[in-house]
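Raw upload.txt, compact mmCIF, C-alpha atoms:
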# COMPACT_ATOMS: atom_id res chain seq x y z
CA MET A 1 -15.54 25.82 -3.70
CA LEU A 2 -14.74 24.22 -7.03
CA LYS A 3 -17.28 21.74 -8.36
CA LEU A 4 -16.73 18.48 -10.22
CA MET A 5 -19.34 16.36 -11.95
CA ALA A 6 -18.58 12.80 -10.78
CA SER A 7 -20.14 9.78 -12.48
CA PHE A 8 -21.08 6.63 -10.65
CA GLY A 9 -20.95 3.09 -12.00
CA VAL A 10 -22.63 0.08 -10.44
CA THR A 11 -21.29 -3.46 -10.81
CA LEU A 12 -21.66 -6.77 -9.01
CA LEU A 13 -18.89 -9.17 -8.02
CA LEU A 14 -18.88 -12.51 -6.19
CA LEU A 15 -17.12 -13.74 -3.09
CA ALA A 16 -13.57 -14.99 -3.46
CA GLY A 17 -14.71 -18.63 -3.28
CA CYS A 18 -16.39 -18.40 -6.70
CA SER A 19 -14.58 -19.07 -9.95
CA GLU A 20 -13.62 -16.37 -12.42
CA LYS A 21 -16.09 -17.89 -14.91
CA GLU A 22 -18.91 -17.53 -12.37
CA GLN A 23 -17.85 -13.95 -11.65
CA GLN A 24 -17.86 -13.15 -15.38
CA ASN A 25 -21.33 -14.66 -15.83
CA VAL A 26 -22.74 -12.42 -13.12
CA MET A 27 -21.03 -9.35 -14.57
CA GLU A 28 -22.60 -10.06 -17.96
CA GLU A 29 -26.06 -10.58 -16.47
CA VAL A 30 -26.03 -7.44 -14.31
CA GLY A 31 -24.45 -5.01 -16.76
CA GLN A 32 -23.83 -1.45 -15.60
CA ALA A 33 -26.03 1.44 -14.49
CA LYS A 34 -24.96 5.07 -14.37
CA VAL A 35 -26.10 7.99 -12.25
CA VAL A 36 -24.60 11.44 -11.79
CA ASN A 37 -23.96 13.54 -8.71
CA GLU A 38 -21.82 16.50 -7.67
CA ALA A 39 -18.59 16.31 -5.72
CA GLU A 40 -16.95 19.37 -4.19
CA VAL A 41 -13.22 20.01 -4.37
CA ILE A 42 -12.19 21.13 -0.88
CA ALA A 43 -8.46 21.48 -1.58
CA GLN A 44 -6.13 21.11 -4.54
CA ASN A 45 -2.43 21.13 -5.47
CA LEU A 46 -1.59 18.46 -2.89
CA ASN A 47 1.73 16.68 -3.41
CA ALA A 48 1.31 12.87 -3.46
CA PRO A 49 -1.07 12.83 -0.46
CA TRP A 50 -1.38 9.57 1.45
CA ALA A 51 -3.58 9.69 4.56
CA ILE A 52 -6.62 11.69 5.68
CA GLU A 53 -7.30 12.64 9.30
CA LYS A 54 -10.12 14.91 10.42
CA ILE A 55 -11.11 16.52 13.70
CA GLU A 56 -14.18 18.77 13.79
CA ASN A 57 -13.81 21.08 10.74
CA THR A 58 -10.05 20.54 10.31
CA PHE A 59 -8.30 18.08 7.98
CA PHE A 60 -4.70 16.88 8.26
CA ILE A 61 -3.31 15.15 5.18
CA THR A 62 0.15 13.60 4.91
CA GLU A 63 2.24 14.09 1.79
CA ARG A 64 4.80 11.42 0.93
CA THR A 65 7.42 14.12 0.36
CA GLY A 66 7.41 14.94 4.08
CA ALA A 67 4.77 17.54 4.92
CA ILE A 68 1.37 17.57 6.59
CA VAL A 69 -1.29 19.76 4.99
CA LYS A 70 -3.77 21.41 7.34
CA ILE A 71 -7.09 22.43 5.78
CA GLN A 72 -9.44 24.53 7.88
CA ASP A 73 -12.29 26.82 6.83
CA ASP A 74 -11.26 26.55 3.16
CA LYS A 75 -7.70 27.63 4.00
CA MET A 76 -4.77 25.34 3.28
CA ALA A 77 -1.39 25.46 5.09
CA ARG A 78 1.54 23.10 4.55
CA GLN A 79 3.11 22.23 7.91
CA LYS A 80 6.74 21.11 8.19
CA VAL A 81 7.60 17.75 9.72
CA GLN A 82 10.96 17.47 11.50
CA LEU A 83 11.99 13.80 11.46
CA LYS A 84 15.04 12.26 13.11
CA GLN A 85 15.90 10.09 10.11
CA HIS A 86 16.35 10.93 6.43
CA LEU A 87 13.01 10.42 4.66
CA SER A 88 13.21 7.89 1.82
CA THR A 89 12.38 8.93 -1.73
CA ALA A 90 12.05 5.34 -3.00
CA PRO A 91 8.91 4.41 -4.95
CA GLU A 92 5.84 4.14 -2.69
CA ALA A 93 7.92 5.30 0.30
CA GLY A 94 8.00 8.48 2.40
CA LEU A 95 5.66 9.94 5.02
CA LEU A 96 2.70 7.58 4.90
CA GLY A 97 0.23 6.74 7.68
CA PHE A 98 -0.99 9.35 10.15
CA VAL A 99 -3.53 9.33 12.96
CA LEU A 100 -4.30 11.92 15.62
CA ALA A 101 -3.90 10.92 19.26
CA PRO A 102 -7.25 10.47 21.06
CA ASP A 103 -6.42 13.49 23.27
CA PHE A 104 -5.13 15.61 20.37
CA ALA A 105 -7.19 18.65 21.40
CA ASN A 106 -5.12 18.87 24.59
CA SER A 107 -1.84 17.16 23.68
CA ASN A 108 -1.26 18.26 20.04
CA GLN A 109 0.13 14.78 19.40
CA ALA A 110 -0.26 12.31 16.56
CA PHE A 111 1.23 9.05 15.29
CA ALA A 112 2.99 8.65 11.95
CA TYR A 113 4.54 5.90 9.82
CA TYR A 114 7.46 6.75 7.54
CA THR A 115 10.20 5.16 5.47
CA TYR A 116 13.77 6.28 6.09
CA GLU A 117 17.22 5.65 4.69
CA LYS A 118 20.03 4.33 6.88
CA GLY A 119 23.27 3.90 4.96
CA SER A 120 22.59 1.59 2.05
CA LYS A 121 19.41 0.24 3.65
CA GLN A 122 15.97 1.60 4.40
CA PHE A 123 13.40 0.85 7.07
CA ASN A 124 9.97 1.92 8.26
CA ARG A 125 9.21 3.24 11.72
CA ILE A 126 6.19 4.30 13.76
CA VAL A 127 6.66 7.48 15.76
CA LEU A 128 4.88 9.92 18.04
CA LEU A 129 4.74 13.47 16.64
CA GLN A 130 4.34 16.69 18.63
CA LEU A 131 2.82 19.79 17.03
CA GLU A 132 4.38 23.09 18.10
CA ASN A 133 3.92 26.41 16.28
CA ASP A 134 2.71 24.69 13.11
CA VAL A 135 5.70 22.33 12.98
CA TRP A 136 5.47 18.60 13.72
CA TYR A 137 8.46 17.20 15.64
CA GLU A 138 9.36 13.53 16.00
CA GLU A 139 8.99 13.10 19.74
CA LYS A 140 9.38 9.35 20.31
CA VAL A 141 10.01 6.16 18.32
CA LEU A 142 7.40 3.50 19.05
CA VAL A 143 8.47 0.75 16.63
CA ASP A 144 11.64 0.85 14.56
CA GLU A 145 13.37 -1.05 11.77
CA ILE A 146 10.26 -2.48 10.17
CA PRO A 147 11.80 -4.01 7.02
CA SER A 148 11.51 -1.94 3.85
CA GLY A 149 12.51 -2.97 0.34
CA THR A 150 12.23 -1.37 -3.08
CA TYR A 151 8.44 -1.58 -2.79
CA HIS A 152 5.70 -2.79 -0.43
CA HIS A 153 6.01 -0.58 2.62
CA GLY A 154 2.42 -0.92 3.85
CA GLY A 155 2.04 2.21 5.94
CA ARG A 156 -1.56 2.59 7.14
CA LEU A 157 -2.11 3.61 10.77
CA LYS A 158 -5.44 3.44 12.62
CA ILE A 159 -6.56 3.42 16.25
CA GLY A 160 -8.99 0.56 16.77
CA PRO A 161 -12.11 0.43 18.94
CA ASP A 162 -9.93 -1.23 21.59
CA SER A 163 -7.81 1.97 21.78
CA LYS A 164 -4.77 0.14 20.35
CA LEU A 165 -2.67 1.44 17.46
CA TYR A 166 -2.68 -0.78 14.35
CA ALA A 167 -0.22 -0.56 11.46
CA THR A 168 0.01 -2.34 8.11
CA ALA A 169 3.49 -3.45 7.04
CA GLY A 170 4.28 -4.71 3.54
CA ASP A 171 6.56 -7.65 2.79
CA ALA A 172 9.38 -5.27 1.75
CA SER A 173 9.56 -6.95 -1.69
CA ASN A 174 10.62 -10.21 0.01
CA PRO A 175 7.67 -12.65 0.11
CA LYS A 176 9.43 -14.88 2.66
CA HIS A 177 9.03 -12.17 5.30
CA ALA A 178 5.25 -12.55 5.26
CA GLN A 179 5.33 -16.10 6.67
CA ASP A 180 8.16 -15.40 9.15
CA LYS A 181 6.47 -14.49 12.44
CA ALA A 182 9.80 -13.19 13.75
CA SER A 183 9.78 -10.48 11.07
CA LEU A 184 7.59 -7.37 11.23
CA ALA A 185 7.23 -7.29 7.43
CA GLY A 186 4.15 -8.65 5.69
CA LYS A 187 2.08 -8.17 8.84
CA ILE A 188 -0.59 -6.17 10.58
CA LEU A 189 0.91 -4.88 13.81
CA ARG A 190 -0.83 -3.96 17.08
CA LEU A 191 0.68 -1.87 19.86
CA ASN A 192 -0.25 0.20 22.86
CA LEU A 193 -0.21 3.96 22.33
CA ASP A 194 3.03 4.21 24.33
CA GLY A 195 4.74 1.75 21.98
CA SER A 196 4.64 -1.28 24.28
CA ILE A 197 3.31 -4.69 23.23
CA PRO A 198 -0.25 -5.45 24.41
CA ASP A 199 -0.48 -8.40 26.77
CA ASP A 200 -3.33 -9.91 24.74
CA ASN A 201 -1.55 -9.94 21.37
CA PRO A 202 -1.78 -13.39 19.74
CA PHE A 203 1.97 -14.06 19.84
CA ASN A 204 3.98 -13.58 23.03
CA HIS A 205 6.24 -10.53 23.14
CA SER A 206 5.39 -9.64 19.52
CA TYR A 207 3.68 -6.74 17.78
CA VAL A 208 2.37 -9.18 15.15
CA PHE A 209 -1.43 -9.32 15.05
CA SER A 210 -1.87 -11.16 11.72
CA TYR A 211 0.57 -12.37 9.07
CA GLY A 212 0.85 -13.66 5.51
CA HIS A 213 0.21 -10.24 3.96
CA ARG A 214 1.81 -8.92 0.76
CA ASN A 215 1.16 -5.17 0.87
CA PRO A 216 -1.82 -4.22 3.06
CA GLN A 217 -2.73 -0.52 2.86
CA GLY A 218 -6.20 -0.10 4.35
CA LEU A 219 -7.77 -0.71 7.77
CA THR A 220 -11.24 -0.19 9.16
CA TRP A 221 -13.72 -1.58 11.68
CA LYS A 222 -17.47 -2.08 11.55
CA ALA A 223 -19.65 -0.91 14.42
CA ASP A 224 -19.70 -4.48 15.75
CA GLY A 225 -15.90 -4.41 16.17
CA LYS A 226 -15.02 -6.63 13.20
CA MET A 227 -11.79 -5.56 11.51
CA TYR A 228 -11.08 -5.41 7.78
CA ALA A 229 -8.02 -4.74 5.63
CA THR A 230 -7.22 -4.23 1.95
CA GLU A 231 -4.21 -5.84 0.30
CA HIS A 232 -2.40 -5.54 -3.02
CA GLY A 233 -2.04 -8.81 -4.91
CA GLN A 234 0.75 -9.73 -7.28
CA SER A 235 -0.25 -7.82 -10.45
CA ALA A 236 -3.90 -8.84 -9.77
CA ASN A 237 -5.73 -10.91 -7.11
CA ASP A 238 -6.21 -7.88 -4.86
CA GLU A 239 -8.00 -8.63 -1.60
CA VAL A 240 -10.43 -7.41 1.05
CA ASN A 241 -10.01 -9.48 4.20
CA GLU A 242 -11.69 -9.80 7.56
CA ILE A 243 -8.79 -9.69 10.02
CA GLN A 244 -8.68 -11.91 13.08
CA ALA A 245 -5.93 -12.16 15.68
CA GLY A 246 -3.20 -14.67 14.90
CA LYS A 247 -4.55 -15.72 11.49
CA ASN A 248 -2.39 -16.45 8.43
CA TYR A 249 -3.60 -14.70 5.26
CA GLY A 250 -1.63 -16.87 2.91
CA TRP A 251 0.92 -14.82 1.01
CA PRO A 252 2.95 -16.11 -0.83
CA ILE A 253 1.49 -19.63 -0.46
CA ILE A 254 -1.97 -18.74 -1.77
CA GLU A 255 -3.50 -15.60 -3.26
CA GLY A 256 -6.84 -14.47 -4.59
CA SER A 257 -9.51 -17.18 -4.41
CA GLU A 258 -7.06 -20.03 -3.76
CA GLN A 259 -7.71 -22.08 -0.64
CA GLN A 260 -5.56 -24.14 1.70
CA GLN A 261 -6.21 -25.48 5.17
CA GLY A 262 -4.97 -23.11 7.88
CA LEU A 263 -4.83 -20.12 5.53
CA VAL A 264 -7.49 -17.42 5.18
CA THR A 265 -9.07 -16.76 1.77
CA PRO A 266 -10.30 -13.17 1.31
CA LEU A 267 -13.93 -12.06 1.48
CA PHE A 268 -13.52 -10.34 -1.89
CA THR A 269 -10.86 -10.56 -4.60
CA SER A 270 -10.38 -8.75 -7.89
CA GLY A 271 -9.53 -12.07 -9.59
CA ALA A 272 -6.53 -13.00 -11.69
CA SER A 273 -7.40 -10.73 -14.62
CA THR A 274 -8.34 -7.50 -12.80
CA THR A 275 -6.51 -5.19 -10.44
CA TRP A 276 -7.85 -2.61 -7.99
CA ALA A 277 -4.62 -1.74 -6.13
CA PRO A 278 -6.76 -1.04 -3.04
CA SER A 279 -5.48 1.44 -0.47
CA GLY A 280 -7.33 3.33 2.30
CA MET A 281 -10.76 2.21 3.46
CA ALA A 282 -13.67 3.20 5.68
CA SER A 283 -16.81 1.47 6.95
CA ASP A 284 -20.41 2.69 6.96
CA ASN A 285 -23.81 1.02 7.24
CA GLY A 286 -22.68 -2.50 6.34
CA GLU A 287 -20.41 -1.46 3.47
CA LEU A 288 -16.66 -1.11 3.13
CA TYR A 289 -15.58 1.89 1.05
CA VAL A 290 -12.19 1.29 -0.58
CA ALA A 291 -9.89 3.67 -2.45
CA ALA A 292 -8.56 2.04 -5.63
CA LEU A 293 -5.35 3.28 -7.27
CA ARG A 294 -5.09 1.29 -10.48
CA GLY A 295 -8.83 0.76 -10.35
CA THR A 296 -9.19 4.57 -10.32
CA ALA A 297 -12.38 4.35 -8.31
CA ILE A 298 -13.96 4.14 -4.90
CA LEU A 299 -15.45 0.68 -4.46
CA ALA A 300 -18.22 -0.08 -1.96
CA PHE A 301 -18.31 -3.73 -0.80
CA HIS A 302 -21.59 -4.80 0.77
CA LEU A 303 -20.90 -7.42 3.43
CA GLN A 304 -24.39 -8.95 3.43
CA THR A 305 -25.27 -9.06 -0.28
CA ASN A 306 -21.67 -9.40 -1.61
CA GLU A 307 -22.44 -6.60 -4.06
CA VAL A 308 -19.60 -4.31 -5.12
CA ARG A 309 -20.62 -0.83 -6.25
CA GLU A 310 -18.23 1.42 -8.14
CA ILE A 311 -18.82 4.88 -6.70
CA ILE A 312 -16.37 7.44 -8.13
CA ASN A 313 -14.58 6.54 -11.34
CA ASN A 314 -13.43 9.65 -13.22
CA VAL A 315 -10.87 11.46 -11.06
CA GLY A 316 -7.88 9.13 -11.47
CA ARG A 317 -5.98 7.25 -8.76
CA ILE A 318 -7.55 7.36 -5.29
CA ARG A 319 -5.41 6.84 -2.18
CA ASP A 320 -7.58 7.28 0.91
CA VAL A 321 -11.21 7.72 1.97
CA TRP A 322 -12.92 9.13 5.06
CA ILE A 323 -16.59 8.89 6.03
CA GLU A 324 -18.30 11.16 8.54
CA GLY A 325 -22.05 10.95 8.90
CA ASP A 326 -23.51 10.98 5.39
CA THR A 327 -20.42 12.58 3.85
CA LEU A 328 -17.67 10.81 1.93
CA TYR A 329 -14.23 12.44 1.53
CA TRP A 330 -11.33 11.18 -0.57
CA ILE A 331 -7.91 12.17 -1.89
CA THR A 332 -6.57 11.50 -5.36
CA ASN A 333 -3.02 10.27 -5.96
CA ASN A 334 -2.21 11.34 -9.50
CA THR A 335 1.08 13.07 -8.58
CA ASP A 336 2.73 9.96 -7.12
CA GLY A 337 4.65 9.23 -10.33
CA ARG A 338 2.19 6.67 -11.62
CA GLY A 339 -0.84 8.78 -12.47
CA GLN A 340 -1.72 11.37 -15.07
CA ALA A 341 -1.90 14.59 -13.10
CA SER A 342 -3.98 17.56 -14.13
CA LYS A 343 -3.09 21.15 -13.20
CA ALA A 344 -5.10 21.01 -9.97
CA ASP A 345 -3.96 17.58 -8.77
CA ASP A 346 -3.86 16.21 -6.25
CA ARG A 347 -7.20 17.07 -4.65
CA LEU A 348 -9.38 16.47 -1.60
CA PHE A 349 -13.04 15.84 -2.53
CA LYS A 350 -16.33 15.83 -0.66
CA LEU A 351 -19.57 14.06 -1.64
CA GLU A 352 -22.89 13.72 0.18
CA LEU A 353 -23.87 10.06 0.06

Have the structure of the file written as structure tokens, please.
Amino acid sequence: MLKLMASFGVTLLLLAGCSEKEQQNVMEEVGQAKVVNEAEVIAQNLNAPWAIEKIENTFFITERTGAIVKIQDDKMARQKVQLKQHLSTAPEAGLLGFVLAPDFANSNQAFAYYTYEKGSKQFNRIVLLQLENDVWYEEKVLVDEIPSGTYHHGGRLKIGPDSKLYATAGDASNPKHAQDKASLAGKILRLNLDGSIPDDNPFNHSYVFSYGHRNPQGLTWKADGKMYATEHGQSANDEVNEIQAGKNYGWPIIEGSEQQQGLVTPLFTSGASTTWAPSGMASDNGELYVAALRGTAILAFHLQTNEVREIINNVGRIRDVWIEGDTLYWITNNTDGRGQASKADDRLFKLEL
């Protein structure tokens, strides 16, 4: 195993309802503390990795360019993915979200979210994949023609504690989509594992679970079943939201700490002068661990004290996180065209919390 010395920073932020001046006052009072710990590099030379999945001692990591990397017992193998549509190479697009089926050990199936080109247009779709002889085949389309623009594809997939499949969909670079409940863009979607619409979804005959999102890229649940999502703001005003069925999260009417009746203001926001570009997230012991791309850190948001700790801050852009027991895993995203890649990038890291 390679070893990396990773430094930790500790900061404190306020809830979104507080002003930027109040946030700044607290930052000045608290200052910063530094400690040092070791992080192991489990794998390297990944190509714009996007999502982490893990079962027992095996990792599966999607690469935006259209492969799934299997890492087992310190051995890395790049598995081909045979898709039925032409994978998009647009910025932020490609093979994105990935989650193993609950019965993967027997079925060798998983779910994936990818962006594809169709003539002069492009869309996102959610599909069922079948693994055969180290090749993943697109077996079935669950949801198709999720709008996709130049940017803002969303792309995160997770199976919730209710055994439903959830997906984040960006506004496809068209803010109007986010408030249009007839559009799948700018939404968090919820579906049965066979692709059908759950009877208890908040809107009849619709995959839409929540709306008013700009570019949500992270999903997680606490042990009590509460659901949370991360969202990219417009240049700043990034968000961490508690997600509830049928709620409107405001974009493009409000953002950041702005408030309006009937619209949900986030639990945490980066404010108008700071950006995190938050992506994947995980939950553990009352904290939300969030991968930050432009923030180049892992941020831990404490839901009781409102404290925000900066965990890892010296490995560049971070795309996704995974927590298992007392161990934190994460993938960097320095080869996505926006980072400064080193020879070994991108990498999968491990740290004992």

(request) Just give me the gap between CA of Asn124 (chain A) and CA of Ala272 (chain A) in Å, one decimal is fine. (result) 29.9 Å

For Lys164 (chain A), work out the shell of residues within 6 Å, counting only C-alpha atoms and skipping chain neighbours fewer than 2 positions away, then give it as a PDB file with C-alpha atoms, keeping the file's coordinate frame.
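What ended up in selection-v8.pdb:
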ATOM      1  CA  ILE A 159      -6.560   3.420  16.250  1.00  0.00           C
ATOM      2  CA  GLY A 160      -8.990   0.560  16.770  1.00  0.00           C
ATOM      3  CA  ASP A 162      -9.930  -1.230  21.590  1.00  0.00           C
ATOM      4  CA  LEU A 191       0.680  -1.870  19.860  1.00  0.00           C
ATOM      5  CA  ASN A 192      -0.250   0.200  22.860  1.00  0.00           C
TER       6      ASN A 192
END

(request) Give the answer as one residue: which of A:Pro198, A:Gly186, A:Gly149, A:Gly225 has the shortest atom-to-atom distance to Gln244 (chain A), using all atoms listed in the file? (result)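 Of A:Pro198, A:Gly186, A:Gly149, A:Gly225, the one nearest Gln244 (chain A), counting all atoms listed in the file, is A:Gly225.
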
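For the residues A:Thr65, A:Glu242, A:Ile254, A:Ala48, ranking by smallest atom-to-atom distance to Ala341 (chain A) using all atoms listed in the file places A:Ala48 first.
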
(request) Between CA of Thr230 (chain A) and CA of Ala277 (chain A), measure the distance and give it in Å to one decimal. (result) 8.8 Å

(request) Extract, using all atoms listed in the file, all DNA, RNA and protein residues at most 7 Å from His213 (chain A), discarding same-chain residues fewer than 3 positions from it, and format them as a PyMOL selection string. (result) chain A and resi 170-171+178+186-187+216+249-251

(message) Please report the interatomic distance between CA of Gln85 (chain A) and CA of Gln130 (chain A) in Å with one decimal.
(response)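 According to the coordinates, CA of Gln85 (chain A) and CA of Gln130 (chain A) are separated by 15.8 Å.
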
What would region 259-269 of chain A look like with all heavy atoms in place, written as a PDB file, in the frame of the given file?
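Ended up saving to selection08.pdb:
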ATOM      1  N   GLN A 259      -7.409 -21.650  -1.994  1.00  0.00           N
ATOM      2  CA  GLN A 259      -7.710 -22.080  -0.640  1.00  0.00           C
ATOM      3  C   GLN A 259      -6.722 -23.151  -0.194  1.00  0.00           C
ATOM      4  O   GLN A 259      -6.265 -23.965  -0.997  1.00  0.00           O
ATOM      5  CB  GLN A 259      -9.132 -22.633  -0.550  1.00  0.00           C
ATOM      6  CG  GLN A 259     -10.213 -21.636  -0.908  1.00  0.00           C
ATOM      7  CD  GLN A 259     -11.608 -22.206  -0.763  1.00  0.00           C
ATOM      8  OE1 GLN A 259     -11.844 -23.125   0.019  1.00  0.00           O
ATOM      9  NE2 GLN A 259     -12.560 -21.676  -1.533  1.00  0.00           N
ATOM     10  N   GLN A 260      -6.403 -23.112   1.096  1.00  0.00           N
ATOM     11  CA  GLN A 260      -5.560 -24.140   1.700  1.00  0.00           C
ATOM     12  C   GLN A 260      -5.857 -24.162   3.190  1.00  0.00           C
ATOM     13  O   GLN A 260      -6.051 -23.112   3.807  1.00  0.00           O
ATOM     14  CB  GLN A 260      -4.077 -23.870   1.438  1.00  0.00           C
ATOM     15  CG  GLN A 260      -3.164 -24.970   1.967  1.00  0.00           C
ATOM     16  CD  GLN A 260      -1.729 -24.811   1.494  1.00  0.00           C
ATOM     17  OE1 GLN A 260      -1.480 -24.560   0.316  1.00  0.00           O
ATOM     18  NE2 GLN A 260      -0.782 -24.952   2.397  1.00  0.00           N
ATOM     19  N   GLN A 261      -5.892 -25.349   3.762  1.00  0.00           N
ATOM     20  CA  GLN A 261      -6.210 -25.480   5.170  1.00  0.00           C
ATOM     21  C   GLN A 261      -5.241 -24.672   6.033  1.00  0.00           C
ATOM     22  O   GLN A 261      -4.026 -24.704   5.826  1.00  0.00           O
ATOM     23  CB  GLN A 261      -6.179 -26.945   5.596  1.00  0.00           C
ATOM     24  CG  GLN A 261      -6.659 -27.182   7.023  1.00  0.00           C
ATOM     25  CD  GLN A 261      -6.762 -28.663   7.362  1.00  0.00           C
ATOM     26  OE1 GLN A 261      -6.449 -29.514   6.540  1.00  0.00           O
ATOM     27  NE2 GLN A 261      -7.195 -28.967   8.576  1.00  0.00           N
ATOM     28  N   GLY A 262      -5.789 -23.911   6.984  1.00  0.00           N
ATOM     29  CA  GLY A 262      -4.970 -23.110   7.880  1.00  0.00           C
ATOM     30  C   GLY A 262      -4.667 -21.719   7.373  1.00  0.00           C
ATOM     31  O   GLY A 262      -4.091 -20.915   8.090  1.00  0.00           O
ATOM     32  N   LEU A 263      -5.072 -21.426   6.115  1.00  0.00           N
ATOM     33  CA  LEU A 263      -4.830 -20.120   5.530  1.00  0.00           C
ATOM     34  C   LEU A 263      -6.175 -19.464   5.212  1.00  0.00           C
ATOM     35  O   LEU A 263      -7.132 -20.142   4.844  1.00  0.00           O
ATOM     36  CB  LEU A 263      -3.994 -20.243   4.253  1.00  0.00           C
ATOM     37  CG  LEU A 263      -2.670 -20.996   4.377  1.00  0.00           C
ATOM     38  CD1 LEU A 263      -1.962 -21.065   3.022  1.00  0.00           C
ATOM     39  CD2 LEU A 263      -1.763 -20.348   5.416  1.00  0.00           C
ATOM     40  N   VAL A 264      -6.236 -18.144   5.351  1.00  0.00           N
ATOM     41  CA  VAL A 264      -7.490 -17.420   5.180  1.00  0.00           C
ATOM     42  C   VAL A 264      -7.623 -16.915   3.744  1.00  0.00           C
ATOM     43  O   VAL A 264      -6.740 -16.211   3.238  1.00  0.00           O
ATOM     44  CB  VAL A 264      -7.583 -16.231   6.152  1.00  0.00           C
ATOM     45  CG1 VAL A 264      -8.903 -15.483   5.955  1.00  0.00           C
ATOM     46  CG2 VAL A 264      -7.456 -16.705   7.598  1.00  0.00           C
ATOM     47  N   THR A 265      -8.724 -17.271   3.099  1.00  0.00           N
ATOM     48  CA  THR A 265      -9.070 -16.760   1.770  1.00  0.00           C
ATOM     49  C   THR A 265      -9.880 -15.476   1.937  1.00  0.00           C
ATOM     50  O   THR A 265     -10.716 -15.393   2.835  1.00  0.00           O
ATOM     51  CB  THR A 265      -9.888 -17.805   0.992  1.00  0.00           C
ATOM     52  OG1 THR A 265      -9.078 -18.966   0.792  1.00  0.00           O
ATOM     53  CG2 THR A 265     -10.326 -17.272  -0.365  1.00  0.00           C
ATOM     54  N   PRO A 266      -9.643 -14.456   1.107  1.00  0.00           N
ATOM     55  CA  PRO A 266     -10.300 -13.170   1.310  1.00  0.00           C
ATOM     56  C   PRO A 266     -11.813 -13.207   1.117  1.00  0.00           C
ATOM     57  O   PRO A 266     -12.344 -14.087   0.437  1.00  0.00           O
ATOM     58  CB  PRO A 266      -9.642 -12.262   0.267  1.00  0.00           C
ATOM     59  CG  PRO A 266      -9.152 -13.199  -0.786  1.00  0.00           C
ATOM     60  CD  PRO A 266      -8.728 -14.434  -0.050  1.00  0.00           C
ATOM     61  N   LEU A 267     -12.503 -12.224   1.710  1.00  0.00           N
ATOM     62  CA  LEU A 267     -13.930 -12.060   1.480  1.00  0.00           C
ATOM     63  C   LEU A 267     -14.214 -11.696   0.030  1.00  0.00           C
ATOM     64  O   LEU A 267     -15.150 -12.178  -0.587  1.00  0.00           O
ATOM     65  CB  LEU A 267     -14.487 -10.959   2.389  1.00  0.00           C
ATOM     66  CG  LEU A 267     -14.456 -11.192   3.895  1.00  0.00           C
ATOM     67  CD1 LEU A 267     -15.005  -9.959   4.613  1.00  0.00           C
ATOM     68  CD2 LEU A 267     -15.258 -12.419   4.275  1.00  0.00           C
ATOM     69  N   PHE A 268     -13.385 -10.797  -0.513  1.00  0.00           N
ATOM     70  CA  PHE A 268     -13.520 -10.340  -1.890  1.00  0.00           C
ATOM     71  C   PHE A 268     -12.140 -10.348  -2.537  1.00  0.00           C
ATOM     72  O   PHE A 268     -11.137 -10.072  -1.889  1.00  0.00           O
ATOM     73  CB  PHE A 268     -14.070  -8.916  -1.959  1.00  0.00           C
ATOM     74  CG  PHE A 268     -15.432  -8.736  -1.360  1.00  0.00           C
ATOM     75  CD1 PHE A 268     -15.572  -8.392  -0.021  1.00  0.00           C
ATOM     76  CD2 PHE A 268     -16.576  -8.885  -2.136  1.00  0.00           C
ATOM     77  CE1 PHE A 268     -16.819  -8.212   0.540  1.00  0.00           C
ATOM     78  CE2 PHE A 268     -17.833  -8.704  -1.579  1.00  0.00           C
ATOM     79  CZ  PHE A 268     -17.963  -8.365  -0.233  1.00  0.00           C
ATOM     80  N   THR A 269     -12.102 -10.662  -3.833  1.00  0.00           N
ATOM     81  CA  THR A 269     -10.860 -10.560  -4.600  1.00  0.00           C
ATOM     82  C   THR A 269     -11.163 -10.011  -5.983  1.00  0.00           C
ATOM     83  O   THR A 269     -12.255 -10.219  -6.518  1.00  0.00           O
ATOM     84  CB  THR A 269     -10.157 -11.923  -4.720  1.00  0.00           C
ATOM     85  OG1 THR A 269      -8.990 -11.790  -5.541  1.00  0.00           O
ATOM     86  CG2 THR A 269     -11.075 -12.979  -5.326  1.00  0.00           C
TER      87      THR A 269
END
